[in-house]
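The data block below is upload35.cif; it holds mmCIF, C-alpha atoms and all ligand atoms.
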data_work
loop_
_atom_site.group_PDB
_atom_site.id
_atom_site.type_symbol
_atom_site.label_atom_id
_atom_site.label_comp_id
_atom_site.auth_asym_id
_atom_site.auth_seq_id
_atom_site.Cartn_x
_atom_site.Cartn_y
_atom_site.Cartn_z
ATOM 1 C CA MET X 23 -144.970 -100.074 -68.257
ATOM 2 C CA ALA X 24 -141.364 -100.692 -67.208
ATOM 3 C CA ALA X 25 -142.392 -104.055 -65.801
ATOM 4 C CA LEU X 26 -144.316 -105.051 -68.935
ATOM 5 C CA ARG X 27 -142.445 -107.500 -71.179
ATOM 6 C CA ALA X 28 -145.449 -108.517 -73.301
ATOM 7 C CA SER X 29 -145.401 -107.101 -76.814
ATOM 8 C CA ARG X 30 -149.015 -107.716 -77.908
ATOM 9 C CA PHE X 31 -151.070 -107.437 -74.722
ATOM 10 C CA GLY X 32 -151.374 -104.543 -72.299
ATOM 11 C CA ARG X 33 -149.283 -102.053 -74.323
ATOM 12 C CA TRP X 34 -152.298 -99.868 -75.097
ATOM 13 C CA MET X 35 -154.308 -98.870 -72.066
ATOM 14 C CA LEU X 36 -157.548 -97.014 -71.495
ATOM 15 C CA TRP X 37 -157.837 -95.925 -67.887
ATOM 16 C CA SER X 38 -160.690 -94.291 -66.040
ATOM 17 C CA PRO X 39 -161.111 -93.416 -62.366
ATOM 18 C CA ARG X 40 -164.810 -94.314 -62.625
ATOM 19 C CA LEU X 41 -166.622 -96.242 -65.291
ATOM 20 C CA ALA X 42 -169.836 -98.277 -65.573
ATOM 21 C CA SER X 43 -168.020 -101.444 -66.625
ATOM 22 C CA THR X 44 -164.704 -102.015 -68.398
ATOM 23 C CA HIS X 45 -166.283 -105.116 -69.893
ATOM 24 C CA ASP X 46 -169.177 -103.214 -71.448
ATOM 25 C CA LEU X 47 -166.841 -100.526 -72.757
ATOM 26 C CA VAL X 48 -164.573 -103.049 -74.451
ATOM 27 C CA THR X 49 -167.322 -105.297 -75.872
ATOM 28 C CA GLN X 50 -169.287 -102.339 -77.239
ATOM 29 C CA ASN X 51 -166.223 -100.839 -78.927
ATOM 30 C CA PHE X 52 -164.333 -103.972 -79.901
ATOM 31 C CA ALA X 53 -164.039 -103.100 -83.591
ATOM 32 C CA LYS X 54 -162.503 -99.706 -82.810
ATOM 33 C CA LEU X 55 -159.863 -101.087 -80.430
ATOM 34 C CA PRO X 56 -156.553 -102.728 -81.325
ATOM 35 C CA VAL X 57 -156.124 -106.356 -80.278
ATOM 36 C CA GLY X 58 -154.394 -106.528 -76.905
ATOM 37 C CA VAL X 59 -155.743 -103.208 -75.619
ATOM 38 C CA VAL X 60 -156.675 -103.148 -71.936
ATOM 39 C CA CYS X 61 -159.273 -101.001 -70.194
ATOM 40 C CA VAL X 62 -158.733 -100.414 -66.458
ATOM 41 C CA ALA X 63 -161.079 -98.704 -64.025
ATOM 42 C CA ASP X 64 -160.430 -97.745 -60.409
ATOM 43 C CA VAL X 65 -164.137 -97.963 -59.620
ATOM 44 C CA GLN X 66 -167.025 -99.434 -61.631
ATOM 45 C CA PHE X 67 -170.643 -98.525 -60.954
ATOM 46 C CA LYS X 68 -172.168 -101.295 -63.067
ATOM 47 C CA GLY X 69 -169.580 -104.043 -62.730
ATOM 48 C CA ARG X 70 -170.667 -107.276 -64.355
ATOM 49 C CA GLY X 71 -170.116 -110.781 -63.065
ATOM 50 C CA ARG X 72 -171.010 -114.097 -64.632
ATOM 51 C CA SER X 73 -174.620 -115.294 -64.896
ATOM 52 C CA LYS X 74 -175.974 -111.747 -64.642
ATOM 53 C CA ASN X 75 -174.374 -111.279 -61.203
ATOM 54 C CA VAL X 76 -173.205 -107.849 -60.112
ATOM 55 C CA TRP X 77 -169.470 -107.418 -59.517
ATOM 56 C CA GLU X 78 -168.982 -105.090 -56.563
ATOM 57 C CA SER X 79 -166.281 -102.706 -57.734
ATOM 58 C CA PRO X 80 -164.881 -100.476 -54.974
ATOM 59 C CA PRO X 81 -161.416 -98.874 -54.972
ATOM 60 C CA GLY X 82 -158.712 -101.404 -54.137
ATOM 61 C CA CYS X 83 -159.955 -103.965 -56.627
ATOM 62 C CA LEU X 84 -157.946 -104.507 -59.819
ATOM 63 C CA MET X 85 -160.559 -104.400 -62.578
ATOM 64 C CA PHE X 86 -159.727 -104.682 -66.230
ATOM 65 C CA SER X 87 -160.922 -106.038 -69.560
ATOM 66 C CA PHE X 88 -158.801 -106.730 -72.622
ATOM 67 C CA THR X 89 -159.226 -107.848 -76.217
ATOM 68 C CA SER X 90 -157.904 -110.911 -77.986
ATOM 69 C CA GLN X 91 -158.831 -112.983 -81.026
ATOM 70 C CA MET X 92 -158.986 -116.664 -81.795
ATOM 71 C CA GLU X 93 -159.850 -118.654 -84.899
ATOM 72 C CA ASP X 94 -160.436 -122.120 -83.485
ATOM 73 C CA ALA X 95 -163.963 -122.395 -82.047
ATOM 74 C CA ARG X 96 -163.073 -125.609 -80.170
ATOM 75 C CA LYS X 97 -160.490 -123.738 -78.109
ATOM 76 C CA LEU X 98 -162.821 -120.890 -77.184
ATOM 77 C CA PRO X 99 -164.351 -122.435 -74.005
ATOM 78 C CA LEU X 100 -160.850 -123.189 -72.705
ATOM 79 C CA MET X 101 -159.636 -119.604 -72.970
ATOM 80 C CA GLN X 102 -160.972 -118.757 -69.497
ATOM 81 C CA TYR X 103 -158.777 -121.502 -68.024
ATOM 82 C CA VAL X 104 -155.688 -120.028 -69.661
ATOM 83 C CA VAL X 105 -156.596 -116.652 -68.138
ATOM 84 C CA CYS X 106 -157.093 -118.186 -64.666
ATOM 85 C CA LEU X 107 -153.753 -119.948 -64.956
ATOM 86 C CA ALA X 108 -151.988 -116.793 -66.130
ATOM 87 C CA MET X 109 -153.272 -114.850 -63.125
ATOM 88 C CA THR X 110 -152.291 -117.463 -60.523
ATOM 89 C CA GLU X 111 -148.831 -117.769 -62.100
ATOM 90 C CA ALA X 112 -148.473 -113.992 -62.362
ATOM 91 C CA ILE X 113 -149.198 -113.512 -58.668
ATOM 92 C CA LYS X 114 -146.702 -116.246 -57.761
ATOM 93 C CA GLU X 115 -143.994 -114.774 -59.987
ATOM 94 C CA LEU X 116 -144.570 -111.248 -58.702
ATOM 95 C CA CYS X 117 -144.347 -112.313 -55.052
ATOM 96 C CA CYS X 118 -141.123 -114.150 -55.859
ATOM 97 C CA ALA X 119 -139.629 -111.177 -57.760
ATOM 98 C CA LYS X 120 -140.439 -108.803 -54.876
ATOM 99 C CA GLY X 121 -139.084 -111.175 -52.223
ATOM 100 C CA LEU X 122 -142.532 -111.652 -50.701
ATOM 101 C CA SER X 123 -144.054 -114.826 -49.277
ATOM 102 C CA GLU X 124 -145.846 -116.846 -51.923
ATOM 103 C CA LEU X 125 -149.602 -116.381 -52.067
ATOM 104 C CA ASP X 126 -151.356 -119.664 -52.642
ATOM 105 C CA VAL X 127 -154.030 -118.382 -55.022
ATOM 106 C CA LYS X 128 -155.852 -121.322 -56.609
ATOM 107 C CA ILE X 129 -158.323 -121.765 -59.438
ATOM 108 C CA LYS X 130 -161.842 -122.759 -58.494
ATOM 109 C CA TRP X 131 -163.359 -124.152 -61.663
ATOM 110 C CA PRO X 132 -164.593 -122.786 -63.910
ATOM 111 C CA ASN X 133 -163.296 -119.270 -63.425
ATOM 112 C CA ASP X 134 -162.860 -118.108 -59.855
ATOM 113 C CA LEU X 135 -159.671 -117.375 -57.965
ATOM 114 C CA TYR X 136 -159.538 -118.468 -54.341
ATOM 115 C CA LEU X 137 -157.215 -117.673 -51.465
ATOM 116 C CA LYS X 138 -157.567 -119.513 -48.136
ATOM 117 C CA GLY X 139 -160.944 -120.883 -49.145
ATOM 118 C CA LEU X 140 -162.362 -117.467 -50.075
ATOM 119 C CA LYS X 141 -163.031 -115.913 -53.444
ATOM 120 C CA VAL X 142 -160.577 -113.115 -54.263
ATOM 121 C CA GLY X 143 -161.085 -112.905 -58.008
ATOM 122 C CA GLY X 144 -163.354 -113.745 -60.902
ATOM 123 C CA ILE X 145 -162.966 -114.000 -64.658
ATOM 124 C CA LEU X 146 -165.535 -113.255 -67.304
ATOM 125 C CA CYS X 147 -164.878 -114.225 -70.927
ATOM 126 C CA THR X 148 -167.327 -113.281 -73.651
ATOM 127 C CA SER X 149 -166.973 -113.523 -77.389
ATOM 128 C CA SER X 150 -168.602 -112.594 -80.649
ATOM 129 C CA TYR X 151 -167.987 -114.005 -84.087
ATOM 130 C CA GLN X 152 -166.861 -111.978 -87.033
ATOM 131 C CA PRO X 153 -166.094 -113.809 -90.269
ATOM 132 C CA LYS X 154 -163.218 -116.252 -89.613
ATOM 133 C CA VAL X 155 -162.372 -114.988 -86.149
ATOM 134 C CA TYR X 156 -163.777 -114.797 -82.613
ATOM 135 C CA ASN X 157 -163.408 -111.496 -80.826
ATOM 136 C CA ILE X 158 -162.852 -112.238 -77.158
ATOM 137 C CA CYS X 159 -163.290 -109.819 -74.310
ATOM 138 C CA THR X 160 -161.774 -111.014 -71.048
ATOM 139 C CA GLY X 161 -162.649 -109.217 -67.822
ATOM 140 C CA ILE X 162 -160.866 -109.788 -64.538
ATOM 141 C CA GLY X 163 -161.721 -108.536 -61.075
ATOM 142 C CA LEU X 164 -159.162 -109.194 -58.346
ATOM 143 C CA ASN X 165 -159.490 -108.024 -54.766
ATOM 144 C CA VAL X 166 -156.055 -106.614 -54.000
ATOM 145 C CA ASP X 167 -156.688 -104.325 -51.025
ATOM 146 C CA ASN X 168 -160.171 -104.733 -49.500
ATOM 147 C CA GLU X 169 -159.992 -106.763 -46.315
ATOM 148 C CA GLU X 170 -163.781 -106.594 -45.966
ATOM 149 C CA PRO X 171 -166.049 -108.469 -46.377
ATOM 150 C CA THR X 172 -163.826 -111.531 -46.896
ATOM 151 C CA THR X 173 -160.128 -111.228 -47.625
ATOM 152 C CA CYS X 174 -157.738 -109.859 -50.228
ATOM 153 C CA LEU X 175 -154.218 -110.493 -51.507
ATOM 154 C CA ASN X 176 -152.536 -107.822 -49.410
ATOM 155 C CA ALA X 177 -154.271 -108.859 -46.162
ATOM 156 C CA ALA X 178 -152.823 -112.343 -46.634
ATOM 157 C CA LEU X 179 -149.367 -110.895 -47.334
ATOM 158 C CA LYS X 180 -149.498 -108.635 -44.261
ATOM 159 C CA GLU X 181 -150.555 -111.595 -42.155
ATOM 160 C CA MET X 182 -147.425 -113.443 -43.260
ATOM 161 C CA ASN X 183 -145.068 -110.509 -42.785
ATOM 162 C CA ALA X 184 -146.290 -107.075 -41.765
ATOM 163 C CA ASN X 185 -142.916 -105.441 -42.527
ATOM 164 C CA LEU X 186 -142.696 -106.361 -46.177
ATOM 165 C CA PRO X 187 -144.220 -104.263 -48.984
ATOM 166 C CA THR X 188 -147.533 -105.293 -50.516
ATOM 167 C CA LEU X 189 -148.688 -105.742 -54.119
ATOM 168 C CA LYS X 190 -149.686 -102.866 -56.362
ATOM 169 C CA ARG X 191 -152.426 -103.215 -58.963
ATOM 170 C CA GLU X 192 -150.182 -102.014 -61.794
ATOM 171 C CA ASP X 193 -147.491 -104.571 -60.956
ATOM 172 C CA ILE X 194 -150.064 -107.378 -60.963
ATOM 173 C CA LEU X 195 -151.417 -106.146 -64.299
ATOM 174 C CA ALA X 196 -147.964 -106.121 -65.923
ATOM 175 C CA SER X 197 -147.115 -109.515 -64.465
ATOM 176 C CA PHE X 198 -150.440 -110.886 -65.716
ATOM 177 C CA PHE X 199 -149.812 -109.805 -69.310
ATOM 178 C CA ASN X 200 -146.225 -111.078 -69.199
ATOM 179 C CA LYS X 201 -147.563 -114.510 -68.255
ATOM 180 C CA PHE X 202 -150.697 -114.434 -70.375
ATOM 181 C CA GLU X 203 -148.871 -113.622 -73.590
ATOM 182 C CA VAL X 204 -146.598 -116.656 -73.226
ATOM 183 C CA LEU X 205 -149.423 -119.017 -72.230
ATOM 184 C CA PHE X 206 -151.739 -117.717 -74.953
ATOM 185 C CA GLU X 207 -149.061 -118.417 -77.561
ATOM 186 C CA ILE X 208 -148.656 -122.000 -76.322
ATOM 187 C CA PHE X 209 -152.440 -122.421 -76.161
ATOM 188 C CA THR X 210 -152.924 -121.127 -79.714
ATOM 189 C CA ASN X 211 -150.114 -123.197 -81.232
ATOM 190 C CA GLU X 212 -150.248 -126.418 -79.212
ATOM 191 C CA GLY X 213 -153.672 -126.458 -77.575
ATOM 192 C CA PHE X 214 -154.730 -126.593 -73.928
ATOM 193 C CA GLN X 215 -153.159 -130.044 -73.546
ATOM 194 C CA ALA X 216 -149.747 -128.376 -73.360
ATOM 195 C CA LEU X 217 -150.906 -126.400 -70.308
ATOM 196 C CA GLU X 218 -153.051 -129.035 -68.635
ATOM 197 C CA GLU X 219 -150.551 -130.253 -66.068
ATOM 198 C CA GLN X 220 -149.710 -126.697 -65.018
ATOM 199 C CA TYR X 221 -153.447 -125.979 -64.791
ATOM 200 C CA TYR X 222 -154.146 -128.972 -62.544
ATOM 201 C CA ASN X 223 -151.311 -127.873 -60.251
ATOM 202 C CA SER X 224 -153.081 -124.545 -59.837
ATOM 203 C CA TRP X 225 -156.659 -125.687 -59.334
ATOM 204 C CA LEU X 226 -158.432 -126.847 -56.204
ATOM 205 C CA HIS X 227 -160.146 -129.923 -57.533
ATOM 206 C CA SER X 228 -157.816 -132.850 -58.191
ATOM 207 C CA GLY X 229 -159.185 -135.817 -56.262
ATOM 208 C CA GLN X 230 -161.935 -133.658 -54.751
ATOM 209 C CA LYS X 231 -165.166 -135.437 -53.903
ATOM 210 C CA VAL X 232 -168.477 -133.684 -54.482
ATOM 211 C CA VAL X 233 -172.037 -134.772 -53.928
ATOM 212 C CA VAL X 234 -174.265 -134.581 -56.961
ATOM 213 C CA GLN X 235 -177.965 -135.098 -57.290
ATOM 214 C CA ASP X 236 -178.499 -137.741 -59.894
ATOM 215 C CA GLY X 237 -181.611 -138.132 -61.994
ATOM 216 C CA PRO X 238 -184.705 -135.970 -62.548
ATOM 217 C CA GLU X 239 -185.674 -133.312 -59.952
ATOM 218 C CA ALA X 240 -188.527 -135.323 -58.413
ATOM 219 C CA GLN X 241 -186.646 -138.607 -57.959
ATOM 220 C CA HIS X 242 -183.054 -137.525 -57.536
ATOM 221 C CA ALA X 243 -180.605 -139.446 -55.359
ATOM 222 C CA ASP X 244 -177.288 -138.196 -53.964
ATOM 223 C CA SER X 245 -174.136 -139.684 -55.443
ATOM 224 C CA VAL X 246 -170.548 -138.959 -54.530
ATOM 225 C CA VAL X 247 -168.234 -138.361 -57.464
ATOM 226 C CA THR X 248 -164.498 -137.719 -57.519
ATOM 227 C CA ILE X 249 -163.210 -135.020 -59.820
ATOM 228 C CA GLN X 250 -160.492 -136.248 -62.151
ATOM 229 C CA GLY X 251 -159.801 -133.339 -64.469
ATOM 230 C CA LEU X 252 -161.315 -131.745 -67.523
ATOM 231 C CA THR X 253 -162.995 -133.398 -70.479
ATOM 232 C CA PRO X 254 -161.664 -132.385 -73.928
ATOM 233 C CA ALA X 255 -164.535 -129.915 -74.205
ATOM 234 C CA GLY X 256 -163.472 -128.248 -70.944
ATOM 235 C CA TYR X 257 -166.137 -129.592 -68.576
ATOM 236 C CA LEU X 258 -165.426 -131.320 -65.289
ATOM 237 C CA TYR X 259 -164.672 -134.989 -65.606
ATOM 238 C CA ALA X 260 -165.625 -137.032 -62.541
ATOM 239 C CA ILE X 261 -166.027 -140.659 -61.545
ATOM 240 C CA GLY X 262 -168.728 -141.963 -59.230
ATOM 241 C CA GLU X 263 -168.187 -144.521 -56.465
ATOM 242 C CA ASP X 264 -169.897 -147.019 -58.720
ATOM 243 C CA GLY X 265 -167.286 -146.442 -61.424
ATOM 244 C CA LYS X 266 -169.530 -144.386 -63.689
ATOM 245 C CA SER X 267 -167.931 -141.490 -65.524
ATOM 246 C CA TYR X 268 -169.567 -138.078 -65.396
ATOM 247 C CA GLU X 269 -169.158 -134.867 -67.319
ATOM 248 C CA LEU X 270 -170.329 -131.977 -65.156
ATOM 249 C CA HIS X 271 -171.560 -128.802 -66.808
ATOM 250 C CA PRO X 272 -172.003 -125.535 -64.915
ATOM 251 C CA ASP X 273 -175.266 -123.697 -65.493
ATOM 252 C CA GLY X 274 -175.827 -121.213 -62.700
ATOM 253 C CA ASN X 275 -176.265 -123.409 -59.624
ATOM 254 C CA ARG X 276 -177.089 -126.402 -61.727
ATOM 255 C CA VAL X 277 -174.801 -128.678 -63.592
ATOM 256 C CA SER X 278 -175.877 -131.106 -66.226
ATOM 257 C CA ALA X 279 -173.841 -134.222 -66.621
ATOM 258 C CA LYS X 280 -173.239 -137.121 -68.884
ATOM 259 C CA GLU X 281 -172.528 -140.516 -67.430
ATOM 260 C CA ASP X 282 -170.949 -143.690 -68.639
ATOM 261 C CA GLY X 283 -171.300 -146.960 -66.825
ATOM 262 C CA ASN X 284 -168.645 -148.853 -68.748
ATOM 263 C CA LEU X 285 -165.314 -147.725 -67.412
ATOM 264 C CA LEU X 286 -163.664 -147.511 -64.031
ATOM 265 C CA HIS X 287 -160.835 -145.015 -63.647
ATOM 266 C CA GLU X 288 -158.362 -144.667 -60.813
ATOM 267 C CA SER X 289 -159.003 -141.427 -58.965
ATOM 268 C CA ASN X 290 -155.890 -141.244 -56.832
ATOM 269 C CA SER X 291 -153.260 -140.866 -59.541
ATOM 270 C CA ALA X 292 -151.404 -137.571 -59.886
ATOM 271 C CA HIS X 293 -152.474 -137.289 -63.502
ATOM 272 C CA PRO X 294 -156.140 -137.641 -64.230
ATOM 273 C CA ALA X 295 -157.262 -140.573 -66.321
ATOM 274 C CA ALA X 296 -158.289 -139.662 -69.851
ATOM 275 C CA PRO X 297 -162.052 -139.311 -70.020
ATOM 276 C CA PRO X 298 -163.889 -142.000 -71.948
ATOM 277 C CA THR X 299 -165.119 -141.030 -75.354
ATOM 278 C CA ALA X 300 -168.693 -142.392 -75.106
ATOM 279 C CA LEU X 301 -170.770 -140.639 -72.433
ATOM 280 C CA ARG X 302 -174.467 -141.021 -71.639
ATOM 281 C CA SER X 303 -176.557 -137.971 -70.716
ATOM 282 C CA ALA X 304 -178.078 -137.294 -67.294
ATOM 283 C CA LEU X 305 -178.913 -134.210 -65.266
ATOM 284 C CA LEU X 306 -177.098 -133.518 -62.030
ATOM 285 C CA LYS X 307 -176.910 -130.861 -59.394
ATOM 286 C CA ILE X 308 -173.859 -130.298 -57.192
ATOM 287 C CA THR X 309 -175.173 -129.867 -53.681
ATOM 288 C CA LYS X 310 -172.347 -130.009 -51.169
ATOM 289 C CA GLN X 311 -168.972 -131.504 -50.482
ATOM 290 C CA PRO X 312 -169.097 -134.765 -48.506
ATOM 291 C CA GLN X 313 -167.499 -134.704 -45.047
HETATM 292 O O1 LIG L 401 -166.713 -113.805 -60.808
HETATM 293 C C1 LIG L 401 -167.337 -113.321 -61.761
HETATM 294 O O2 LIG L 401 -168.568 -113.448 -61.835
HETATM 295 C C2 LIG L 401 -166.592 -112.580 -62.829
HETATM 296 C C3 LIG L 401 -166.325 -111.177 -62.402
HETATM 297 C C4 LIG L 401 -165.629 -110.334 -63.440
HETATM 298 C C5 LIG L 401 -165.487 -108.909 -62.980
HETATM 299 C C6 LIG L 401 -164.650 -108.075 -63.895
HETATM 300 S S1 LIG L 401 -164.164 -106.563 -63.166
HETATM 301 C C7 LIG L 401 -163.542 -106.009 -64.692
HETATM 302 C C8 LIG L 401 -164.544 -106.453 -65.733
HETATM 303 N N1 LIG L 401 -165.606 -105.472 -65.854
HETATM 304 C C9 LIG L 401 -166.784 -105.965 -65.471
HETATM 305 O O3 LIG L 401 -167.853 -105.336 -65.471
HETATM 306 N N2 LIG L 401 -166.641 -107.222 -65.081
HETATM 307 C C10 LIG L 401 -165.278 -107.695 -65.208
#
Rewrite the structure of this file - the entire thing - as structure tokens.
Ligand SMILES: O=C(O)CCCC[C@@H]1SC[C@@H]2NC(=O)N[C@@H]21
Amino acid sequence: MAALRASRFGRWMLWSPRLASTHDLVTQNFAKLPVGVVCVADVQFKGRGRSKNVWESPPGCLMFSFTSQMEDARKLPLMQYVVCLAMTEAIKELCCAKGLSELDVKIKWPNDLYLKGLKVGGILCTSSYQPKVYNICTGIGLNVDNEEPTTCLNAALKEMNANLPTLKREDILASFFNKFEVLFEIFTNEGFQALEEQYYNSWLHSGQKVVVQDGPEAQHADSVVTIQGLTPAGYLYAIGEDGKSYELHPDGNRVSAKEDGNLLHESNSAHPAAPPTALRSALLKITKQPQ
């Protein structure tokens, strides 16, 4: 609490050593909870991930869900990006404040956090509509201390300097809300555009080439597309080698896409080209990254 500067988020906390899911608890009791309340569990026995996945929730993982509200439906899908950005920035700021080496945690679109090519965190945003306002529950799972089965924040820190202290879950939580509150204010007042550059600096995808399967399942052909940024609706905006523009939509392992054959955009600029307004529909599937 001493490290918490935020005034709206994280000031009220529900904590449990063992809970089914912080996300279920918050969504099922949203109306009874003040906005900005956070629920933290040390262990979850029914942790939820996206697309009906299970979120393994052992001790050593920072697991929390918190409430927020938003009126503008068009901004809703972008909220998860603000949360991802807040967490990457929070980790950076905390490492800096504690004199630790910087952890290069990056955003893997749409809502994963990656460190050294491995997933260390995931974000789940769900919402429900009540007259005039969307109630948003945001759940975050971040592997702080479990070196198995992949890696965690503190393993990476120890690798860089075994003599320095490591990160504590409560410090990350406070740092997250300090960042989130500021970014959420900008997002609400000015829109995601005001955060876009910062977001692209924190994600893994600028200029990244991916192979997509173009066309219907039976007759699909591989195409290589280069990711440029986000479309205004928050989907991935990519350009094919033939100059076609694509909008990639996640849907489990599938993405649907819209294409436009009219415009050619430069893919090697630091700032992504603005996506074209007219896009034609097609169905695509991301298969692998080209060598
Ligand atoms: O990567 C994902 O699929 C998202 C994972 C989100 C996990 C967190 S842990 C805290 C909160 N409670 C849950 O049951 N899920 C989220």
With 4 Å added on each side, what axis-aligned box encloses every listed atom of ligand LIG 401 (chain L)? Give the centre and edge lengths in Å to one decimal, as lines of an AutoDock Vina configuration file.
center_x = -166.1
center_y = -109.6
center_z = -63.3
size_x = 13.0
size_y = 16.5
size_z = 13.0
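With all atoms listed in the file as the atoms that count, the minimum distance from X:Lys138 to the choices X:Ile162, X:Leu98, X:Leu226, X:Cys83 is reached by X:Leu226.
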Discussion item. Which residues are near ligand LIG 401 (chain L) - at most 6 Å, using all atoms listed in the file? Format: as JSON, numbers by chain.
Written reply: {"X": [43, 44, 45, 69, 70, 71, 72, 77, 85, 86, 87, 134, 144, 145, 146, 161, 162, 163]}
If we count all atoms listed in the file, what is near X:Phe202 at a cut-off of 12 Å, once residues fewer than 2 positions away on the same chain are taken out, given as a PDB file with C-alpha atoms, keeping the file's coordinate frame?
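And here's around.pdb as it stands now:
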ATOM      1  CA  LEU X  26    -144.316-105.051 -68.935  1.00  0.00           C
ATOM      2  CA  ARG X  27    -142.445-107.500 -71.179  1.00  0.00           C
ATOM      3  CA  ALA X  28    -145.449-108.517 -73.301  1.00  0.00           C
ATOM      4  CA  SER X  29    -145.401-107.101 -76.814  1.00  0.00           C
ATOM      5  CA  ARG X  30    -149.015-107.716 -77.908  1.00  0.00           C
ATOM      6  CA  PHE X  31    -151.070-107.437 -74.722  1.00  0.00           C
ATOM      7  CA  GLY X  32    -151.374-104.543 -72.299  1.00  0.00           C
ATOM      8  CA  GLY X  58    -154.394-106.528 -76.905  1.00  0.00           C
ATOM      9  CA  PHE X  88    -158.801-106.730 -72.622  1.00  0.00           C
ATOM     10  CA  SER X  90    -157.904-110.911 -77.986  1.00  0.00           C
ATOM     11  CA  MET X 101    -159.636-119.604 -72.970  1.00  0.00           C
ATOM     12  CA  GLN X 102    -160.972-118.757 -69.497  1.00  0.00           C
ATOM     13  CA  TYR X 103    -158.777-121.502 -68.024  1.00  0.00           C
ATOM     14  CA  VAL X 104    -155.688-120.028 -69.661  1.00  0.00           C
ATOM     15  CA  VAL X 105    -156.596-116.652 -68.138  1.00  0.00           C
ATOM     16  CA  CYS X 106    -157.093-118.186 -64.666  1.00  0.00           C
ATOM     17  CA  LEU X 107    -153.753-119.948 -64.956  1.00  0.00           C
ATOM     18  CA  ALA X 108    -151.988-116.793 -66.130  1.00  0.00           C
ATOM     19  CA  MET X 109    -153.272-114.850 -63.125  1.00  0.00           C
ATOM     20  CA  THR X 110    -152.291-117.463 -60.523  1.00  0.00           C
ATOM     21  CA  GLU X 111    -148.831-117.769 -62.100  1.00  0.00           C
ATOM     22  CA  ALA X 112    -148.473-113.992 -62.362  1.00  0.00           C
ATOM     23  CA  ILE X 113    -149.198-113.512 -58.668  1.00  0.00           C
ATOM     24  CA  THR X 160    -161.774-111.014 -71.048  1.00  0.00           C
ATOM     25  CA  ILE X 194    -150.064-107.378 -60.963  1.00  0.00           C
ATOM     26  CA  LEU X 195    -151.417-106.146 -64.299  1.00  0.00           C
ATOM     27  CA  ALA X 196    -147.964-106.121 -65.923  1.00  0.00           C
ATOM     28  CA  SER X 197    -147.115-109.515 -64.465  1.00  0.00           C
ATOM     29  CA  PHE X 198    -150.440-110.886 -65.716  1.00  0.00           C
ATOM     30  CA  PHE X 199    -149.812-109.805 -69.310  1.00  0.00           C
ATOM     31  CA  ASN X 200    -146.225-111.078 -69.199  1.00  0.00           C
ATOM     32  CA  VAL X 204    -146.598-116.656 -73.226  1.00  0.00           C
ATOM     33  CA  LEU X 205    -149.423-119.017 -72.230  1.00  0.00           C
ATOM     34  CA  PHE X 206    -151.739-117.717 -74.953  1.00  0.00           C
ATOM     35  CA  GLU X 207    -149.061-118.417 -77.561  1.00  0.00           C
ATOM     36  CA  ILE X 208    -148.656-122.000 -76.322  1.00  0.00           C
ATOM     37  CA  PHE X 209    -152.440-122.421 -76.161  1.00  0.00           C
ATOM     38  CA  THR X 210    -152.924-121.127 -79.714  1.00  0.00           C
ATOM     39  CA  LEU X 217    -150.906-126.400 -70.308  1.00  0.00           C
TER      40      LEU X 217
END
Discussion item. Which residues are near X:Asn165? Cut-off 8 Å, only C-alpha atoms, ignore same chain within fewer than 5 positions. Put them as a list in words.
Written reply: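 Within the cut-off, the hits are Gly82, Cys83, Leu84, Val142, Gly143, Thr173, Cys174 and Leu175 of chain X.
For the pair atom CA of X:Leu36 and atom CA of X:Cys61, the separation is 4.5 Å.
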Worksheet item: Looking at X:Glu269, X:Asp167, X:Asp64, X:Asp244, which one is nearest to X:Gly256, with distances taken over all atoms listed in the file?
Response: X:Glu269
Item to complete: Quick one: pull the distance between atom CA of X:Val166 and atom CA of X:Cys117, Å, one decimal.
Response: 13.1 Å
Worksheet item: Do you know which residues the PyMOL selection byres (((chain X and resi 223) around 12) and not hetatm) returns on this file, as a list in words?
Response: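 When the PyMOL selection byres (((chain X and resi 223) around 12) and not hetatm) is applied to the shown file, the picked residues are Leu107, Thr110, Glu111, Asp126, Val127, Lys128, Ile129, Lys130, Leu217, Glu218, Glu219, Gln220, Tyr221, Tyr222, Ser224, Trp225, Leu226, His227, Ser228, Gly229, Gly251, Ala292, His293 and Pro294 of chain X.
The residue that comes closest to X:Phe214, out of X:Leu252, X:Leu258, X:Val60, X:Val247 and on the basis of all atoms listed in the file, is X:Leu252.
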Fill in: Two-atom distance - atom CA of X:Glu203, atom CA of X:Leu164 (Å)
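Computing it gives 18.9 Å between the two atoms.
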